[in-house]
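Dumped final-v3.cif below, it's mmCIF, C-alpha atoms and all ligand atoms:
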```
data_work
loop_
_atom_site.label_atom_id
_atom_site.label_comp_id
_atom_site.auth_asym_id
_atom_site.auth_seq_id
_atom_site.Cartn_x
_atom_site.Cartn_y
_atom_site.Cartn_z
CA MET A 215 -4.30 8.26 19.94
CA LYS A 216 -6.61 6.59 17.42
CA LYS A 217 -4.94 4.52 14.68
CA TYR A 218 -6.35 3.64 11.27
CA ALA A 219 -5.01 1.61 8.37
CA ILE A 220 -6.34 2.14 4.86
CA ILE A 221 -5.53 -1.05 2.97
CA VAL A 222 -5.86 -0.15 -0.71
CA ALA A 223 -7.15 -3.02 -2.85
CA GLY A 224 -9.28 -1.19 -5.38
CA GLY A 225 -7.19 -2.05 -8.44
CA THR A 226 -7.75 -4.65 -11.14
CA GLY A 227 -4.20 -5.98 -11.41
CA LYS A 228 -3.64 -5.45 -15.15
CA ARG A 229 0.09 -6.24 -14.94
CA MET A 230 -0.64 -9.59 -13.28
CA GLY A 231 -2.69 -10.57 -16.33
CA GLU A 232 -5.19 -12.78 -14.45
CA ALA A 233 -8.98 -12.50 -14.75
CA LEU A 234 -9.24 -12.28 -10.95
CA PRO A 235 -7.77 -9.08 -9.42
CA LYS A 236 -4.42 -10.04 -7.84
CA GLN A 237 -5.45 -9.09 -4.28
CA PHE A 238 -7.78 -12.14 -4.31
CA LEU A 239 -5.21 -14.62 -5.70
CA LYS A 240 -4.17 -17.27 -3.19
CA LEU A 241 -0.87 -17.49 -1.35
CA GLY A 242 -0.52 -20.76 0.57
CA GLY A 243 -4.26 -21.31 -0.03
CA THR A 244 -5.38 -17.95 1.44
CA PRO A 245 -6.19 -14.77 -0.57
CA ILE A 246 -3.38 -12.20 -0.52
CA LEU A 247 -5.65 -9.52 0.94
CA ILE A 248 -6.60 -11.71 3.90
CA HIS A 249 -2.88 -12.22 4.66
CA THR A 250 -2.39 -8.43 4.63
CA LEU A 251 -5.33 -7.78 6.96
CA GLN A 252 -4.15 -10.47 9.36
CA THR A 253 -0.69 -8.87 9.47
CA PHE A 254 -2.11 -5.51 10.56
CA GLN A 255 -4.38 -7.17 13.12
CA ALA A 256 -1.38 -9.08 14.54
CA ALA A 257 0.74 -5.89 14.72
CA ASP A 258 -1.86 -4.05 16.80
CA PRO A 259 -5.48 -5.21 17.24
CA GLU A 260 -6.46 -1.60 18.08
CA ILE A 261 -5.82 -0.42 14.50
CA GLU A 262 -9.13 0.33 12.74
CA LEU A 263 -9.01 -1.35 9.34
CA ILE A 264 -10.55 0.18 6.20
CA ILE A 265 -10.16 -1.52 2.85
CA THR A 266 -10.86 -0.19 -0.64
CA LEU A 267 -12.17 -2.61 -3.24
CA PRO A 268 -13.46 -2.33 -6.80
CA GLN A 269 -17.23 -1.75 -6.40
CA GLU A 270 -18.00 -4.87 -8.47
CA GLU A 271 -15.85 -7.11 -6.21
CA ILE A 272 -17.40 -6.19 -2.84
CA GLN A 273 -19.86 -9.07 -2.82
CA PHE A 274 -17.12 -11.51 -3.89
CA TRP A 275 -14.95 -10.27 -1.00
CA ASP A 276 -17.78 -10.94 1.48
CA GLU A 277 -18.06 -14.49 0.13
CA LEU A 278 -14.27 -14.99 0.33
CA ASN A 279 -14.28 -13.93 3.99
CA ILE A 280 -16.99 -16.44 4.83
CA TRP A 281 -15.29 -19.21 2.86
CA HIS A 282 -11.93 -18.56 4.58
CA GLN A 283 -13.55 -17.96 7.99
CA ASN A 284 -11.91 -14.55 8.16
CA TYR A 285 -13.96 -12.59 10.66
CA LEU A 286 -11.54 -9.71 11.27
CA GLU A 287 -13.48 -6.49 11.78
CA HIS A 288 -12.99 -4.05 8.90
CA LYS A 289 -14.87 -1.42 6.90
CA VAL A 290 -15.18 -1.78 3.12
CA VAL A 291 -15.15 1.32 0.88
CA ALA A 292 -15.56 1.36 -2.91
CA GLY A 293 -12.31 2.31 -4.63
CA GLY A 294 -11.91 4.94 -7.36
CA GLU A 295 -10.35 5.29 -10.77
CA THR A 296 -6.76 5.35 -9.45
CA ARG A 297 -5.02 4.57 -6.14
CA PHE A 298 -5.26 8.31 -5.34
CA HIS A 299 -9.06 8.25 -5.73
CA SER A 300 -9.34 5.07 -3.64
CA VAL A 301 -7.37 6.63 -0.76
CA LYS A 302 -9.45 9.79 -1.03
CA ASN A 303 -12.69 7.77 -0.73
CA ALA A 304 -11.37 5.87 2.29
CA LEU A 305 -10.27 9.07 4.05
CA GLU A 306 -13.93 10.06 4.35
CA HIS A 307 -14.21 7.28 6.96
CA VAL A 308 -11.23 8.46 9.03
CA GLU A 309 -11.71 10.94 11.88
CA GLU A 310 -8.60 11.93 13.86
CA GLY A 311 -5.26 10.54 15.00
CA LEU A 312 -2.86 8.62 12.76
CA VAL A 313 -3.50 6.77 9.51
CA ALA A 314 -1.29 4.28 7.70
CA VAL A 315 -1.92 3.70 4.00
CA HIS A 316 -0.77 0.27 2.83
CA ASP A 317 -1.04 -1.66 -0.43
CA GLY A 318 -3.30 -4.69 -0.04
CA VAL A 319 -0.82 -6.59 -2.22
CA ARG A 320 2.09 -6.20 0.23
CA PRO A 321 1.27 -9.09 2.58
CA PHE A 322 4.82 -9.48 3.98
CA VAL A 323 5.04 -6.18 5.84
CA SER A 324 6.36 -6.87 9.34
CA SER A 325 4.68 -5.94 12.64
CA GLU A 326 7.85 -4.03 13.52
CA THR A 327 7.57 -1.84 10.41
CA ILE A 328 3.86 -1.16 11.02
CA ASN A 329 4.37 -0.24 14.67
CA GLN A 330 7.51 1.79 14.00
CA SER A 331 5.75 3.82 11.30
CA PHE A 332 2.92 4.71 13.71
CA GLU A 333 5.39 5.53 16.48
CA GLN A 334 7.46 7.83 14.22
CA ALA A 335 4.36 9.51 12.76
CA LYS A 336 3.39 10.77 16.24
CA GLU A 337 6.34 13.14 15.97
CA ASN A 338 7.05 13.56 12.25
CA LYS A 339 3.50 13.45 10.81
CA ALA A 340 4.54 11.97 7.44
CA VAL A 341 6.55 8.74 7.65
CA VAL A 342 7.38 6.51 4.71
CA THR A 343 9.20 3.17 4.50
CA ALA A 344 12.08 2.89 2.05
CA VAL A 345 14.94 0.56 1.12
CA LEU A 346 18.33 1.06 -0.56
CA MET A 347 18.61 0.15 -4.23
CA LYS A 348 20.49 -3.05 -5.01
CA ASP A 349 20.88 -2.57 -8.78
CA SER A 350 22.66 0.09 -10.82
CA VAL A 351 20.37 2.73 -12.32
CA ARG A 352 20.49 4.67 -15.59
CA GLN A 353 18.42 7.63 -16.73
CA ILE A 354 17.32 7.90 -20.36
CA ASP A 355 17.04 11.31 -22.09
CA GLU A 356 14.75 12.34 -25.02
CA SER A 357 17.22 11.06 -27.62
CA GLY A 358 17.37 7.63 -26.00
CA ASN A 359 20.86 8.04 -24.52
CA SER A 360 21.37 6.81 -20.99
CA LYS A 361 23.58 7.96 -18.13
CA ASN A 362 24.48 6.40 -14.82
CA ILE A 363 22.75 7.77 -11.72
CA ASP A 364 24.36 7.73 -8.28
CA ARG A 365 22.20 5.10 -6.60
CA SER A 366 23.33 6.10 -3.11
CA SER A 367 21.06 9.15 -3.47
CA LEU A 368 18.01 7.02 -4.40
CA ARG A 369 15.56 4.95 -2.38
CA LEU A 370 12.83 2.49 -3.31
CA ILE A 371 9.61 3.48 -1.61
CA GLN A 372 7.27 1.00 0.03
CA THR A 373 4.17 1.12 2.17
CA PRO A 374 3.03 1.61 4.92
CA GLN A 375 3.08 5.38 4.59
CA THR A 376 1.78 6.79 7.86
CA PHE A 377 0.46 10.28 8.52
CA ASP A 378 -1.24 12.62 10.89
CA VAL A 379 -4.91 12.36 9.80
CA GLU A 380 -5.45 16.13 9.51
CA LEU A 381 -2.35 16.50 7.32
CA LEU A 382 -3.26 13.62 4.98
CA LYS A 383 -6.86 14.80 4.61
CA SER A 384 -5.84 18.35 3.71
CA ALA A 385 -3.15 17.07 1.31
CA TYR A 386 -5.72 14.90 -0.48
CA ASN A 387 -8.03 17.89 -0.85
CA THR A 388 -6.43 18.58 -4.24
CA PRO A 389 -7.10 17.56 -7.86
CA PHE A 390 -5.39 14.36 -9.07
CA LYS A 391 -2.05 14.59 -10.89
CA PRO A 392 -0.39 11.61 -12.66
CA SER A 393 2.74 12.25 -10.56
CA PHE A 394 0.80 11.16 -7.44
CA THR A 395 2.04 7.56 -7.43
CA ASP A 396 1.85 7.23 -3.66
CA ASP A 397 0.69 9.16 -0.57
CA ALA A 398 4.10 10.73 0.07
CA SER A 399 3.95 12.46 -3.33
CA VAL A 400 0.56 13.97 -2.42
CA VAL A 401 1.72 15.17 0.99
CA GLU A 402 4.97 16.57 -0.42
CA ALA A 403 3.05 18.53 -3.09
CA HIS A 404 1.03 19.97 -0.21
CA GLY A 405 4.26 21.37 1.23
CA HIS A 406 5.10 18.93 4.04
CA SER A 407 8.42 17.08 4.22
CA ILE A 408 8.62 13.30 4.36
CA THR A 409 10.53 11.31 6.99
CA LEU A 410 11.94 8.02 5.69
CA ILE A 411 12.28 4.97 7.89
CA GLU A 412 13.98 1.72 7.00
CA GLY A 413 11.77 -0.71 5.09
CA ASP A 414 12.28 -4.37 4.46
CA TYR A 415 13.22 -6.24 1.25
CA GLN A 416 10.62 -8.92 2.07
CA ASN A 417 7.85 -6.30 1.88
CA ILE A 418 7.38 -6.85 -1.85
CA LYS A 419 4.48 -5.48 -3.87
CA ILE A 420 2.93 -8.37 -5.77
CA THR A 421 2.63 -6.84 -9.23
CA THR A 422 3.62 -9.28 -12.01
CA PRO A 423 3.42 -13.12 -12.25
CA GLU A 424 6.97 -13.82 -11.02
CA ASP A 425 6.19 -11.93 -7.80
CA LEU A 426 3.72 -14.69 -6.95
CA ILE A 427 6.48 -17.31 -7.15
CA ILE A 428 8.70 -15.17 -4.89
CA ALA A 429 5.76 -14.63 -2.52
CA GLU A 430 5.10 -18.38 -2.18
CA ALA A 431 8.80 -18.85 -1.32
CA LEU A 432 8.71 -16.02 1.24
CA LEU A 433 5.60 -17.52 2.84
CA LYS A 434 7.30 -20.92 3.18
CA ALA A 435 10.35 -19.28 4.76
CA LYS A 436 8.26 -17.48 7.40
N1 LIG B 1 -7.90 2.38 -8.45
C1 LIG B 1 -7.05 1.76 -7.64
C2 LIG B 1 -5.81 1.26 -8.11
C3 LIG B 1 -4.96 0.58 -7.23
N2 LIG B 1 -5.35 0.40 -5.95
C4 LIG B 1 -4.52 -0.42 -5.05
O1 LIG B 1 -3.23 0.15 -4.89
C5 LIG B 1 -2.27 -0.89 -4.65
C6 LIG B 1 -1.01 -0.69 -5.52
O2 LIG B 1 -1.40 -0.62 -6.89
P1 LIG B 1 -0.95 -1.63 -8.05
O3 LIG B 1 0.04 -2.61 -7.58
O4 LIG B 1 -0.65 -0.79 -9.23
O5 LIG B 1 -2.33 -2.43 -8.29
P2 LIG B 1 -3.26 -2.47 -9.57
O6 LIG B 1 -3.69 -1.09 -9.92
O7 LIG B 1 -4.32 -3.46 -9.25
O8 LIG B 1 -2.27 -3.08 -10.65
P3 LIG B 1 -2.06 -2.68 -12.19
O9 LIG B 1 -1.45 -1.30 -12.17
O10 LIG B 1 -1.14 -3.74 -12.72
O11 LIG B 1 -3.42 -2.72 -12.84
C7 LIG B 1 -2.97 -2.23 -4.96
O12 LIG B 1 -3.19 -2.91 -3.73
C8 LIG B 1 -4.23 -1.81 -5.64
O13 LIG B 1 -5.34 -2.68 -5.44
C9 LIG B 1 -6.56 0.93 -5.47
O14 LIG B 1 -6.89 0.78 -4.29
N3 LIG B 1 -7.39 1.59 -6.34
C1 LIG B 2 2.58 3.05 -3.29
C2 LIG B 2 3.69 2.26 -3.94
O1 LIG B 2 3.58 0.89 -3.64
C3 LIG B 2 5.03 2.73 -3.36
O2 LIG B 2 6.06 2.02 -3.94
C4 LIG B 2 3.70 2.44 -5.43
O3 LIG B 2 3.91 3.78 -5.77
C5 LIG B 2 2.44 1.93 -6.10
O4 LIG B 2 2.59 2.06 -7.51
P1 LIG B 2 1.59 1.36 -8.50
O5 LIG B 2 1.93 1.89 -9.87
O6 LIG B 2 0.22 1.74 -8.04
O7 LIG B 2 1.87 -0.09 -8.43
#
```
Could the structure of this file be written out as structure tokens, please?
Amino acid sequence: MKKYAIIVAGGTGKRMGEALPKQFLKLGGTPILIHTLQTFQAADPEIELIITLPQEEIQFWDELNIWHQNYLEHKVVAGGETRFHSVKNALEHVEEGLVAVHDGVRPFVSSETINQSFEQAKENKAVVTAVLMKDSVRQIDESGNSKNIDRSSLRLIQTPQTFDVELLKSAYNTPFKPSFTDDASVVEAHGHSITLIEGDYQNIKITTPEDLIIAEALLKAK
């Protein structure tokens, strides 16, 4: 069965607050996005890699690859206005089989998680990695009052999110809604249930400046 990975890196990283989009910032001297690609390649060299990038950064990415001698085979697709639009663009380059969607700024995903998500998706068609919450959680109502939520019923959702190609393509054949924060939300709105598998606390999404400090520490500990 054919396997694809769409590595989404079409964002501009507003919350990071750097001029350079965060996927190109260096971790241990190597751009974050190159770490992520290498992780997928190491998990299974048969996975066909497709990355989304902001249109205006495609030439810069080519130069980065040459500079860092990263010659991993991959297809580059221009991203869209939101993550949803970027995934939708990339899906045009996917034919049949299974497809994992993964954030380019989650370089610490393990080979085990990647391979397990493909394995489970053969049977369940929509497989998403998740971890238990460590903190207490409160919900705020319209008047600003808060109430405790039972955290045992909640999960933090990560990527990869891995799907049967036909299912993901038909789910994405819908207009964008702001509630589509990930691929699972799109597939669920299409009427298919989601199977959760255990994620990994090291699989952080590098979003704000302190995440870079944590990421450097995680890299050293590897
Ligand atoms: N139009 C977009 C927006 C986001 N992404 C990708 O989706 C992943 C998760 O998004 P997020 O962490 O929110 O990245 P940014 O959108 O870049 O960050 P911010 O919201 O702070 O601007 C990132 O790898 C990002 O590059 C994408 O491919 N296309
Ligand atoms: C896909 C995701 O990483 C799952 O946790 C998350 O929804 C991305 O959210 P963002 O607002 O695009 O960072």
* Surrounding residues as a VMD selection string, ligand LIG 1 (chain B), max 10 Å, only C-alpha atoms and all ligand atoms -> chain A and resid 220 to 231 235 to 238 246 to 247 265 to 268 291 to 304 315 to 321 373 395 to 396 419 to 422
Here atom CA of Glu271 of chain A and atom C1 of ligand LIG 2 (chain B) stand apart by 21.2 Å
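Candidate residues A:Leu381, A:Ala257, A:Val342, A:Ile264 were compared for distance to ligand LIG 2 (chain B), and the nearest is A:Val342, using only C-alpha atoms and all ligand atoms.
We find atom CA of Tyr415 of chain A and atom CA of Val323 of chain A to be spaced 9.4 Å apart.
If you look at atom CA of Ala335 of chain A and atom CA of Phe322 of chain A, they are 20.9 Å away from each other.
With all atoms listed in the file as the basis for measurement, A:Ile411 is the residue among A:Met347, A:Leu278, A:Ala429, A:Ile411 that approaches Glu333 of chain A most closely.
Closest approach to Ala344 of chain A among A:Ala385, A:Ile418, A:Leu286, A:Ile248: A:Ile418, based on all atoms listed in the file.
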For Ile272 of chain A, the closest of A:Lys289, A:Ala219, A:Asp258, A:Ala403 counting all atoms listed in the file is A:Lys289
I'd like the contact shell of Phe377 of chain A - 12 Å cut-off, only C-alpha atoms, skipping same-chain residues fewer than 5 positions apart - returned as a PyMOL selection string. chain A and resi 216-220+305+308+310-316+331-343+382-386+397-398+400-402+406-409
